[in-house]
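> target.cif (mmCIF, C-alpha atoms, pLDDT in the B column; chains and numbers go by the auth columns) pasted underneath:
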```cif
data_coords
#
loop_
_atom_site.group_PDB
_atom_site.id
_atom_site.type_symbol
_atom_site.label_atom_id
_atom_site.label_comp_id
_atom_site.label_asym_id
_atom_site.label_seq_id
_atom_site.Cartn_x
_atom_site.Cartn_y
_atom_site.Cartn_z
_atom_site.B_iso_or_equiv
_atom_site.auth_seq_id
_atom_site.auth_asym_id
ATOM 1 C CA MET A 1 -0.102 28.036 4.735 48.00 1 A
ATOM 2 C CA ALA A 2 -0.862 24.302 4.667 54.00 2 A
ATOM 3 C CA ASP A 3 -2.707 22.871 1.688 67.00 3 A
ATOM 4 C CA ASN A 4 -5.792 21.062 2.986 81.00 4 A
ATOM 5 C CA ASN A 5 -5.711 18.869 -0.098 93.00 5 A
ATOM 6 C CA ASN A 6 -2.365 17.372 0.937 96.00 6 A
ATOM 7 C CA LEU A 7 -2.846 14.041 2.715 98.00 7 A
ATOM 8 C CA LEU A 8 0.820 13.063 3.140 98.00 8 A
ATOM 9 C CA GLU A 9 3.727 15.495 3.360 98.00 9 A
ATOM 10 C CA ILE A 10 7.286 14.215 3.753 98.00 10 A
ATOM 11 C CA LYS A 11 10.141 16.655 4.272 98.00 11 A
ATOM 12 C CA ASP A 12 13.892 15.933 4.332 98.00 12 A
ATOM 13 C CA LEU A 13 13.322 12.340 5.466 98.00 13 A
ATOM 14 C CA LYS A 14 16.463 10.329 6.209 98.00 14 A
ATOM 15 C CA LEU A 15 17.203 6.830 7.500 98.00 15 A
ATOM 16 C CA SER A 16 20.561 5.082 7.420 97.00 16 A
ATOM 17 C CA PHE A 17 21.696 1.577 8.265 96.00 17 A
ATOM 18 C CA GLY A 18 25.362 2.030 9.084 95.00 18 A
ATOM 19 C CA ASN A 19 26.923 3.584 5.994 95.00 19 A
ATOM 20 C CA VAL A 20 23.924 2.778 3.800 95.00 20 A
ATOM 21 C CA HIS A 21 21.643 5.791 3.245 96.00 21 A
ATOM 22 C CA ALA A 22 18.424 3.864 2.610 97.00 22 A
ATOM 23 C CA VAL A 23 16.267 6.992 2.630 98.00 23 A
ATOM 24 C CA ASP A 24 18.338 10.065 1.881 97.00 24 A
ATOM 25 C CA GLY A 25 16.513 13.388 2.095 97.00 25 A
ATOM 26 C CA VAL A 26 13.138 12.435 0.611 98.00 26 A
ATOM 27 C CA ASN A 27 10.688 15.264 -0.044 98.00 27 A
ATOM 28 C CA LEU A 28 7.292 14.145 -1.259 98.00 28 A
ATOM 29 C CA THR A 29 3.685 15.340 -1.226 97.00 29 A
ATOM 30 C CA VAL A 30 0.694 13.085 -1.894 98.00 30 A
ATOM 31 C CA LYS A 31 -2.672 14.744 -2.402 97.00 31 A
ATOM 32 C CA LYS A 32 -6.010 13.310 -1.358 97.00 32 A
ATOM 33 C CA GLY A 33 -7.339 10.931 -3.997 97.00 33 A
ATOM 34 C CA ASP A 34 -3.948 10.416 -5.693 97.00 34 A
ATOM 35 C CA LEU A 35 -3.080 7.048 -7.222 98.00 35 A
ATOM 36 C CA THR A 36 0.710 6.972 -7.167 98.00 36 A
ATOM 37 C CA ALA A 37 3.213 4.350 -8.299 98.00 37 A
ATOM 38 C CA VAL A 38 6.654 4.277 -6.665 97.00 38 A
ATOM 39 C CA ILE A 39 9.261 2.791 -8.983 95.00 39 A
ATOM 40 C CA GLY A 40 13.033 2.485 -9.097 92.00 40 A
ATOM 41 C CA PRO A 41 15.878 -0.046 -9.245 89.00 41 A
ATOM 42 C CA ASN A 42 16.386 -2.674 -6.551 89.00 42 A
ATOM 43 C CA GLY A 43 17.797 -1.029 -3.441 91.00 43 A
ATOM 44 C CA ALA A 44 16.411 2.392 -4.337 94.00 44 A
ATOM 45 C CA GLY A 45 14.675 2.696 -0.951 96.00 45 A
ATOM 46 C CA LYS A 46 11.052 2.139 -1.974 96.00 46 A
ATOM 47 C CA THR A 47 10.069 -0.435 0.641 95.00 47 A
ATOM 48 C CA THR A 48 12.169 1.289 3.300 97.00 48 A
ATOM 49 C CA LEU A 49 10.246 4.498 2.633 98.00 49 A
ATOM 50 C CA PHE A 50 6.981 2.610 3.237 97.00 50 A
ATOM 51 C CA ASN A 51 8.465 1.135 6.425 97.00 51 A
ATOM 52 C CA VAL A 52 9.307 4.602 7.751 98.00 52 A
ATOM 53 C CA ILE A 53 5.879 6.024 6.848 98.00 53 A
ATOM 54 C CA THR A 54 4.128 3.163 8.665 97.00 54 A
ATOM 55 C CA GLY A 55 6.323 3.262 11.767 96.00 55 A
ATOM 56 C CA TYR A 56 8.299 0.061 11.320 95.00 56 A
ATOM 57 C CA TYR A 57 11.408 2.243 11.345 97.00 57 A
ATOM 58 C CA SER A 58 11.881 5.619 13.010 96.00 58 A
ATOM 59 C CA PRO A 59 13.512 8.250 10.804 97.00 59 A
ATOM 60 C CA ASP A 60 16.911 9.672 11.659 98.00 60 A
ATOM 61 C CA GLN A 61 15.780 13.062 10.411 98.00 61 A
ATOM 62 C CA GLY A 62 12.836 14.814 8.784 98.00 62 A
ATOM 63 C CA THR A 63 9.082 14.988 9.230 98.00 63 A
ATOM 64 C CA ILE A 64 6.066 12.987 8.059 98.00 64 A
ATOM 65 C CA SER A 65 2.740 14.773 8.221 98.00 65 A
ATOM 66 C CA PHE A 66 -0.408 12.726 7.623 98.00 66 A
ATOM 67 C CA ASN A 67 -3.773 14.458 7.430 95.00 67 A
ATOM 68 C CA GLY A 68 -2.224 17.459 9.162 94.00 68 A
ATOM 69 C CA GLN A 69 -0.684 15.495 12.049 96.00 69 A
ATOM 70 C CA GLU A 70 2.995 14.652 12.559 97.00 70 A
ATOM 71 C CA ILE A 71 3.415 10.851 12.635 97.00 71 A
ATOM 72 C CA GLY A 72 7.156 10.378 12.074 95.00 72 A
ATOM 73 C CA GLY A 73 8.554 7.988 14.686 93.00 73 A
ATOM 74 C CA SER A 74 5.104 7.082 16.070 96.00 74 A
ATOM 75 C CA PRO A 75 4.355 3.404 16.872 95.00 75 A
ATOM 76 C CA SER A 76 3.044 1.427 13.910 93.00 76 A
ATOM 77 C CA HIS A 77 -0.262 0.574 15.616 89.00 77 A
ATOM 78 C CA LYS A 78 -0.946 4.264 16.267 92.00 78 A
ATOM 79 C CA ILE A 79 -0.178 5.120 12.638 95.00 79 A
ATOM 80 C CA ALA A 80 -2.487 2.333 11.454 91.00 80 A
ATOM 81 C CA ARG A 81 -5.323 3.684 13.578 89.00 81 A
ATOM 82 C CA SER A 82 -4.745 7.165 12.175 94.00 82 A
ATOM 83 C CA GLY A 83 -5.812 5.846 8.759 95.00 83 A
ATOM 84 C CA ILE A 84 -2.802 4.296 7.007 96.00 84 A
ATOM 85 C CA ALA A 85 -3.063 0.643 5.935 95.00 85 A
ATOM 86 C CA ARG A 86 -0.310 -1.311 4.269 94.00 86 A
ATOM 87 C CA SER A 87 0.292 -4.614 2.474 90.00 87 A
ATOM 88 C CA PHE A 88 3.678 -6.301 2.236 82.00 88 A
ATOM 89 C CA GLN A 89 5.905 -7.850 -0.442 74.00 89 A
ATOM 90 C CA ILE A 90 5.338 -11.255 1.171 72.00 90 A
ATOM 91 C CA THR A 91 1.702 -12.240 1.630 76.00 91 A
ATOM 92 C CA ASN A 92 0.633 -11.602 5.228 81.00 92 A
ATOM 93 C CA ILE A 93 -2.549 -13.510 6.070 91.00 93 A
ATOM 94 C CA PHE A 94 -3.813 -16.084 8.594 92.00 94 A
ATOM 95 C CA PRO A 95 -3.666 -19.292 6.492 94.00 95 A
ATOM 96 C CA THR A 96 -5.627 -21.478 8.950 95.00 96 A
ATOM 97 C CA LEU A 97 -8.565 -19.066 9.122 94.00 97 A
ATOM 98 C CA THR A 98 -11.205 -18.601 6.454 95.00 98 A
ATOM 99 C CA THR A 99 -11.206 -15.741 3.992 96.00 99 A
ATOM 100 C CA PHE A 100 -14.128 -14.219 5.900 95.00 100 A
ATOM 101 C CA GLU A 101 -12.387 -14.517 9.278 93.00 101 A
ATOM 102 C CA ASN A 102 -9.212 -12.869 7.991 94.00 102 A
ATOM 103 C CA VAL A 103 -11.107 -9.717 7.065 94.00 103 A
ATOM 104 C CA GLN A 104 -13.310 -9.833 10.161 92.00 104 A
ATOM 105 C CA ILE A 105 -10.338 -10.035 12.532 89.00 105 A
ATOM 106 C CA ALA A 106 -8.816 -6.975 10.887 86.00 106 A
ATOM 107 C CA TYR A 107 -12.017 -5.102 11.776 82.00 107 A
ATOM 108 C CA LEU A 108 -11.696 -6.123 15.411 81.00 108 A
ATOM 109 C CA ILE A 109 -7.974 -5.458 15.766 77.00 109 A
ATOM 110 C CA ILE A 110 -8.077 -1.964 14.268 71.00 110 A
ATOM 111 C CA ARG A 111 -10.819 -1.137 16.773 66.00 111 A
ATOM 112 C CA GLY A 112 -8.732 -2.404 19.704 62.00 112 A
ATOM 113 C CA LYS A 113 -10.798 -5.533 20.354 57.00 113 A
ATOM 114 C CA SER A 114 -9.572 -9.078 20.874 54.00 114 A
ATOM 115 C CA PHE A 115 -11.433 -11.807 19.053 53.00 115 A
ATOM 116 C CA ASN A 116 -10.491 -14.171 21.889 54.00 116 A
ATOM 117 C CA THR A 117 -12.550 -12.132 24.371 44.00 117 A
ATOM 118 C CA VAL A 118 -15.460 -11.033 22.213 45.00 118 A
ATOM 119 C CA SER A 119 -18.452 -13.293 22.587 47.00 119 A
ATOM 120 C CA GLY A 120 -19.912 -14.367 19.260 49.00 120 A
ATOM 121 C CA PHE A 121 -17.239 -12.499 17.292 52.00 121 A
ATOM 122 C CA ARG A 122 -18.106 -14.416 14.117 59.00 122 A
ATOM 123 C CA LYS A 123 -21.339 -12.430 13.910 59.00 123 A
ATOM 124 C CA LEU A 124 -19.679 -9.026 14.313 60.00 124 A
ATOM 125 C CA ASN A 125 -19.433 -6.694 11.322 69.00 125 A
ATOM 126 C CA ARG A 126 -20.783 -9.447 9.093 82.00 126 A
ATOM 127 C CA GLY A 127 -22.396 -7.074 6.603 88.00 127 A
ATOM 128 C CA SER A 128 -19.273 -4.923 6.328 88.00 128 A
ATOM 129 C CA VAL A 129 -17.036 -7.964 5.817 92.00 129 A
ATOM 130 C CA GLU A 130 -19.318 -9.337 3.102 94.00 130 A
ATOM 131 C CA GLU A 131 -19.267 -5.949 1.390 94.00 131 A
ATOM 132 C CA ILE A 132 -15.449 -5.958 1.301 95.00 132 A
ATOM 133 C CA LEU A 133 -15.332 -9.531 -0.006 96.00 133 A
ATOM 134 C CA GLU A 134 -17.783 -8.504 -2.715 96.00 134 A
ATOM 135 C CA THR A 135 -15.557 -5.534 -3.611 95.00 135 A
ATOM 136 C CA VAL A 136 -12.405 -7.642 -3.956 96.00 136 A
ATOM 137 C CA GLY A 137 -14.182 -10.528 -5.698 96.00 137 A
ATOM 138 C CA LEU A 138 -13.819 -13.135 -2.948 97.00 138 A
ATOM 139 C CA LYS A 139 -17.378 -13.387 -1.616 96.00 139 A
ATOM 140 C CA GLU A 140 -17.850 -16.865 -3.082 97.00 140 A
ATOM 141 C CA LYS A 141 -14.685 -18.007 -1.281 97.00 141 A
ATOM 142 C CA ALA A 142 -15.656 -16.557 2.101 96.00 142 A
ATOM 143 C CA ASN A 143 -15.583 -19.953 3.820 96.00 143 A
ATOM 144 C CA THR A 144 -12.391 -21.195 2.129 97.00 144 A
ATOM 145 C CA LEU A 145 -9.314 -21.478 4.311 97.00 145 A
ATOM 146 C CA ALA A 146 -7.014 -18.617 3.295 96.00 146 A
ATOM 147 C CA GLY A 147 -4.046 -20.989 3.000 96.00 147 A
ATOM 148 C CA LEU A 148 -5.877 -22.903 0.264 97.00 148 A
ATOM 149 C CA LEU A 149 -6.483 -19.854 -1.921 96.00 149 A
ATOM 150 C CA SER A 150 -4.403 -19.308 -5.044 94.00 150 A
ATOM 151 C CA HIS A 151 -1.475 -16.888 -4.804 92.00 151 A
ATOM 152 C CA GLY A 152 -3.475 -14.231 -6.649 93.00 152 A
ATOM 153 C CA ASP A 153 -6.478 -14.656 -4.350 95.00 153 A
ATOM 154 C CA GLN A 154 -4.241 -14.461 -1.273 95.00 154 A
ATOM 155 C CA ARG A 155 -2.814 -11.155 -2.486 93.00 155 A
ATOM 156 C CA THR A 156 -6.353 -9.936 -3.172 95.00 156 A
ATOM 157 C CA LEU A 157 -7.414 -11.055 0.306 96.00 157 A
ATOM 158 C CA GLU A 158 -4.580 -9.013 1.766 95.00 158 A
ATOM 159 C CA ILE A 159 -5.971 -5.932 0.034 96.00 159 A
ATOM 160 C CA GLY A 160 -9.367 -6.805 1.514 95.00 160 A
ATOM 161 C CA ILE A 161 -7.790 -6.969 4.970 94.00 161 A
ATOM 162 C CA THR A 162 -6.344 -3.486 4.500 94.00 162 A
ATOM 163 C CA LEU A 163 -9.762 -2.172 3.459 94.00 163 A
ATOM 164 C CA ALA A 164 -11.212 -3.459 6.747 91.00 164 A
ATOM 165 C CA CYS A 165 -8.948 -0.921 8.457 88.00 165 A
ATOM 166 C CA LYS A 166 -10.954 1.906 6.809 90.00 166 A
ATOM 167 C CA PRO A 167 -7.801 3.591 5.466 94.00 167 A
ATOM 168 C CA LYS A 168 -7.462 7.123 4.200 97.00 168 A
ATOM 169 C CA LEU A 169 -4.113 6.099 2.675 98.00 169 A
ATOM 170 C CA LEU A 170 -3.428 2.622 1.309 98.00 170 A
ATOM 171 C CA LEU A 171 0.184 1.530 0.767 97.00 171 A
ATOM 172 C CA LEU A 172 0.646 -1.564 -1.408 97.00 172 A
ATOM 173 C CA ASP A 173 4.120 -3.102 -1.684 95.00 173 A
ATOM 174 C CA GLU A 174 4.434 -4.936 -5.009 94.00 174 A
ATOM 175 C CA PRO A 175 0.774 -6.012 -5.119 94.00 175 A
ATOM 176 C CA THR A 176 1.218 -7.976 -8.383 93.00 176 A
ATOM 177 C CA SER A 177 4.428 -9.775 -7.397 90.00 177 A
ATOM 178 C CA GLY A 178 4.522 -13.398 -8.584 89.00 178 A
ATOM 179 C CA MET A 179 1.204 -13.200 -10.414 92.00 179 A
ATOM 180 C CA SER A 180 0.228 -14.461 -13.826 92.00 180 A
ATOM 181 C CA SER A 181 -0.801 -11.858 -16.390 93.00 181 A
ATOM 182 C CA TRP A 182 -4.451 -12.748 -15.795 93.00 182 A
ATOM 183 C CA GLU A 183 -4.123 -12.315 -12.016 94.00 183 A
ATOM 184 C CA THR A 184 -2.187 -9.081 -12.540 94.00 184 A
ATOM 185 C CA ASN A 185 -5.023 -7.658 -14.614 94.00 185 A
ATOM 186 C CA LEU A 186 -7.546 -8.533 -11.888 94.00 186 A
ATOM 187 C CA VAL A 187 -5.481 -6.816 -9.188 95.00 187 A
ATOM 188 C CA THR A 188 -4.777 -3.704 -11.249 95.00 188 A
ATOM 189 C CA ASP A 189 -8.495 -3.435 -12.025 96.00 189 A
ATOM 190 C CA LEU A 190 -9.173 -3.757 -8.291 96.00 190 A
ATOM 191 C CA ILE A 191 -6.675 -0.997 -7.419 97.00 191 A
ATOM 192 C CA GLU A 192 -8.311 1.332 -9.922 96.00 192 A
ATOM 193 C CA LYS A 193 -11.757 0.400 -8.577 96.00 193 A
ATOM 194 C CA ILE A 194 -10.770 1.155 -4.976 97.00 194 A
ATOM 195 C CA SER A 195 -9.340 4.505 -6.019 97.00 195 A
ATOM 196 C CA ARG A 196 -12.288 5.442 -8.214 95.00 196 A
ATOM 197 C CA GLU A 197 -15.262 4.129 -6.222 94.00 197 A
ATOM 198 C CA MET A 198 -14.014 4.363 -2.625 94.00 198 A
ATOM 199 C CA GLY A 199 -11.927 7.513 -3.038 95.00 199 A
ATOM 200 C CA ILE A 200 -9.005 6.036 -1.087 97.00 200 A
ATOM 201 C CA THR A 201 -5.589 7.571 -1.708 98.00 201 A
ATOM 202 C CA ILE A 202 -3.197 4.837 -2.883 98.00 202 A
ATOM 203 C CA MET A 203 0.574 4.532 -3.178 98.00 203 A
ATOM 204 C CA PHE A 204 2.004 1.304 -4.550 97.00 204 A
ATOM 205 C CA VAL A 205 5.512 -0.006 -5.175 96.00 205 A
ATOM 206 C CA GLU A 206 5.684 -1.755 -8.536 93.00 206 A
ATOM 207 C CA HIS A 207 8.417 -3.394 -10.597 89.00 207 A
ATOM 208 C CA ASP A 208 6.178 -4.098 -13.581 88.00 208 A
ATOM 209 C CA MET A 209 6.514 -0.917 -15.619 86.00 209 A
ATOM 210 C CA LYS A 210 3.457 -1.734 -17.703 89.00 210 A
ATOM 211 C CA VAL A 211 1.359 -1.873 -14.527 93.00 211 A
ATOM 212 C CA ALA A 212 2.886 1.285 -13.063 94.00 212 A
ATOM 213 C CA PHE A 213 2.327 3.406 -16.151 94.00 213 A
ATOM 214 C CA SER A 214 -1.121 2.046 -17.011 94.00 214 A
ATOM 215 C CA VAL A 215 -2.669 2.316 -13.529 95.00 215 A
ATOM 216 C CA ALA A 216 -1.026 5.276 -11.775 97.00 216 A
ATOM 217 C CA ARG A 217 -1.937 8.901 -12.260 97.00 217 A
ATOM 218 C CA ASN A 218 1.360 9.970 -10.703 97.00 218 A
ATOM 219 C CA VAL A 219 4.731 8.219 -10.697 97.00 219 A
ATOM 220 C CA VAL A 220 7.547 8.673 -8.166 97.00 220 A
ATOM 221 C CA VAL A 221 10.993 7.470 -9.224 95.00 221 A
ATOM 222 C CA MET A 222 13.418 6.633 -6.419 95.00 222 A
ATOM 223 C CA HIS A 223 17.164 6.202 -6.866 94.00 223 A
ATOM 224 C CA GLN A 224 19.785 5.710 -4.158 94.00 224 A
ATOM 225 C CA GLY A 225 17.346 6.600 -1.405 97.00 225 A
ATOM 226 C CA GLN A 226 16.152 9.826 -3.020 96.00 226 A
ATOM 227 C CA VAL A 227 13.161 10.953 -5.066 97.00 227 A
ATOM 228 C CA PHE A 228 14.787 11.351 -8.464 94.00 228 A
ATOM 229 C CA ALA A 229 11.654 12.382 -10.370 95.00 229 A
ATOM 230 C CA HIS A 230 7.932 12.860 -9.717 96.00 230 A
ATOM 231 C CA GLY A 231 5.286 13.480 -12.354 96.00 231 A
ATOM 232 C CA THR A 232 2.645 12.035 -14.641 96.00 232 A
ATOM 233 C CA PRO A 233 3.315 8.687 -16.352 95.00 233 A
ATOM 234 C CA GLU A 234 3.794 10.553 -19.638 95.00 234 A
ATOM 235 C CA ASN A 235 6.382 12.910 -18.146 94.00 235 A
ATOM 236 C CA ILE A 236 8.289 10.107 -16.431 94.00 236 A
ATOM 237 C CA ARG A 237 8.249 7.908 -19.520 90.00 237 A
ATOM 238 C CA SER A 238 9.801 10.669 -21.611 91.00 238 A
ATOM 239 C CA ASN A 239 12.373 11.693 -18.972 92.00 239 A
ATOM 240 C CA GLN A 240 15.769 10.759 -20.426 90.00 240 A
ATOM 241 C CA GLU A 241 17.521 10.823 -17.032 90.00 241 A
ATOM 242 C CA VAL A 242 14.981 8.357 -15.667 89.00 242 A
ATOM 243 C CA ARG A 243 15.560 6.096 -18.655 84.00 243 A
ATOM 244 C CA LYS A 244 19.283 6.128 -17.948 83.00 244 A
ATOM 245 C CA ILE A 245 19.113 5.194 -14.279 77.00 245 A
ATOM 246 C CA TYR A 246 16.113 2.865 -14.398 66.00 246 A
ATOM 247 C CA LEU A 247 16.144 1.306 -17.817 60.00 247 A
ATOM 248 C CA GLY A 248 19.909 1.344 -18.283 59.00 248 A
ATOM 249 C CA GLU A 249 19.665 3.267 -21.509 47.00 249 A
ATOM 250 C CA GLU A 250 22.257 5.663 -22.858 40.00 250 A
#
```
In structure tokens, write the structure found in this file.

Amino acid sequence: MADNNNLLEIKDLKLSFGNVHAVDGVNLTVKKGDLTAVIGPNGAGKTTLFNVITGYYSPDQGTISFNGQEIGGSPSHKIARSGIARSFQITNIFPTLTTFENVQIAYLIIRGKSFNTVSGFRKLNRGSVEEILETVGLKEKANTLAGLLSHGDQRTLEIGITLACKPKLLLLDEPTSGMSSWETNLVTDLIEKISREMGITIMFVEHDMKVAFSVARNVVVMHQGQVFAHGTPENIRSNQEVRKIYLGEE
């Protein structure tokens, strides 16, 4: 019998590129409201797993059930509209549009509208966009061109864009990459705020172990395309096998 509290269920998921088994039999369950960090060495398959979940790659084998529906191999736009939003390792924004317009366009696209054909689109969803900018701390920079924002603010804007998609599951790929310690603290606070106040289920890939263990309530360790361990930060931190493969300790 299916557990109604399970939002994402992955079973025996595989994807290979030639002889490289990028995702090699992943089994993983994410419950509604979870805040999960995905960690592991370079090449462990973390980003590839996100790419398969979001439809950028079709799996060779296995199933992905989201909110009770099979989505494995579905087009990425269909998966996005089902309630999965995702940020990337490299910032993905419209640099010549304002901060406000970046979030507003996300609202239109996810609803199947074209801002080129919508009369007076700048007035659409104005209150909702302002609410998101308030949430992510960018309301005062609403009229700033996104390309002129600092690196940290651009990454924060990208999270705001994902929120415009009204996600049930938010996938963040290295959200603190390239940030100063001050910017990192702002983003980690924001991730916790989104989880706590908006109730959105979040999975994030993170190389900064301090961030992963301080923010996440669950930690998934990937190694050679497989889920090597899955548990609380305390359990993962004390797992000697994890320390060997990830930290290089004997």
> Could you tell me which of A:Val211, A:Ile194, A:Tyr56, A:Leu157 comes closest to A:Ser181 if we count all atoms listed in the file?
A:Val211
> Separation of atom CA of A:Leu172 and atom CA of A:Ile109, in Å?
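Going from atom CA of A:Leu172 over to atom CA of A:Ile109, I get 19.6 Å.
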> From the list A:Leu28, A:Leu108, A:Val23, A:Ala164, which residue is nearest A:Ala44 when using only C-alpha atoms?
A:Val23
> Quick one: of A:Asn143, A:Asn19, A:Thr176, A:Thr54, who's nearest to A:Glu101, counting all atoms listed in the file?
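Closest residue, counting all atoms listed in the file: A:Asn143.
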> Between A:Asn4, A:Thr201, A:Asn185, A:Gln61, which one has atoms that come closest to A:Arg86, using only C-alpha atoms?
A:Thr201
> Contacts of stretch 14-18 of chain A at 7 Å or less, counting all atoms listed in the file, minus same-chain residues fewer than 6 places along, as a ChimeraX atom specification?
/A:24-26,59-62
> Using only C-alpha atoms - which residues lie no farther than 9 Å from the point (15.3, -0.6, -7.0) in the file's frame? Write them as number ranges by chain.
A: 39-46, 207, 222-224, 246
> Record the distance separating atom CA of A:Thr36 and atom CA of A:Asn6, expressed in Å with one decimal.
13.5 Å
> Could you list the residues chosen by the PyMOL selection byres ((chain A and resi 167) around 7) in this structure as JSON, numbers by chain?
{"A": [83, 84, 85, 163, 165, 166, 168, 169, 170]}
> Around stretch 18-34 of chain A, fit a box with edges along x, y and z, padding it by 8 Å on each side, then list its centre and edge lengths in Å to one decimal as AutoDock Vina command-line options.

```
--center_x 9.8 --center_y 8.7 --center_z 1.7 --size_x 50.3 --size_y 29.3 --size_z 30.8
```
> Just say which residues the PyMOL selection byres ((chain A and resi 55) around 8) picks in this file, as JSON, numbers by chain.
{"A": [51, 52, 53, 54, 56, 57, 58, 72, 73, 74, 75, 76, 79]}
> Between A:Thr91, A:Ser128, A:Gln226, A:Asn27, which one has atoms that come closest to A:Ile159, using only C-alpha atoms?
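For A:Ile159, the nearest of the given residues is A:Thr91.
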> Enter the distance from atom CA of A:Val136 to atom CA of A:Ile202, in Å, rounded to one decimal.
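Atom-to-atom, atom CA of A:Val136 and atom CA of A:Ile202 are spaced 15.5 Å apart.
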> Neighbours of A:Arg217 within 7 Å (only C-alpha atoms; same-chain residues fewer than 4 positions away dropped), as a PyMOL selection string?
chain A and resi 35-36+232-233
> Using only C-alpha atoms, find the one residue out of A:Ile132, A:Leu186, A:Ile236, A:Val220 that sits nearest to A:Gly152.
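Among the listed residues, A:Leu186 lies closest to A:Gly152.
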> With all atoms listed in the file as the counted atoms, please give the residues lying no more than 8 Å from A:Phe66, apart from itself and same-chain residues fewer than 5 positions off, as JSON, numbers by chain.
{"A": [7, 8, 9, 71]}
> Can you tell me which residues surround A:Ser177 at a distance of at most 12 Å, considering all atoms listed in the file, apart from same-chain residues fewer than 5 positions away, and format the answer as a VMD selection string?
chain A and resid 87 to 91 151 to 152 154 to 156 172 183 to 184 187 to 188 204 to 208 211
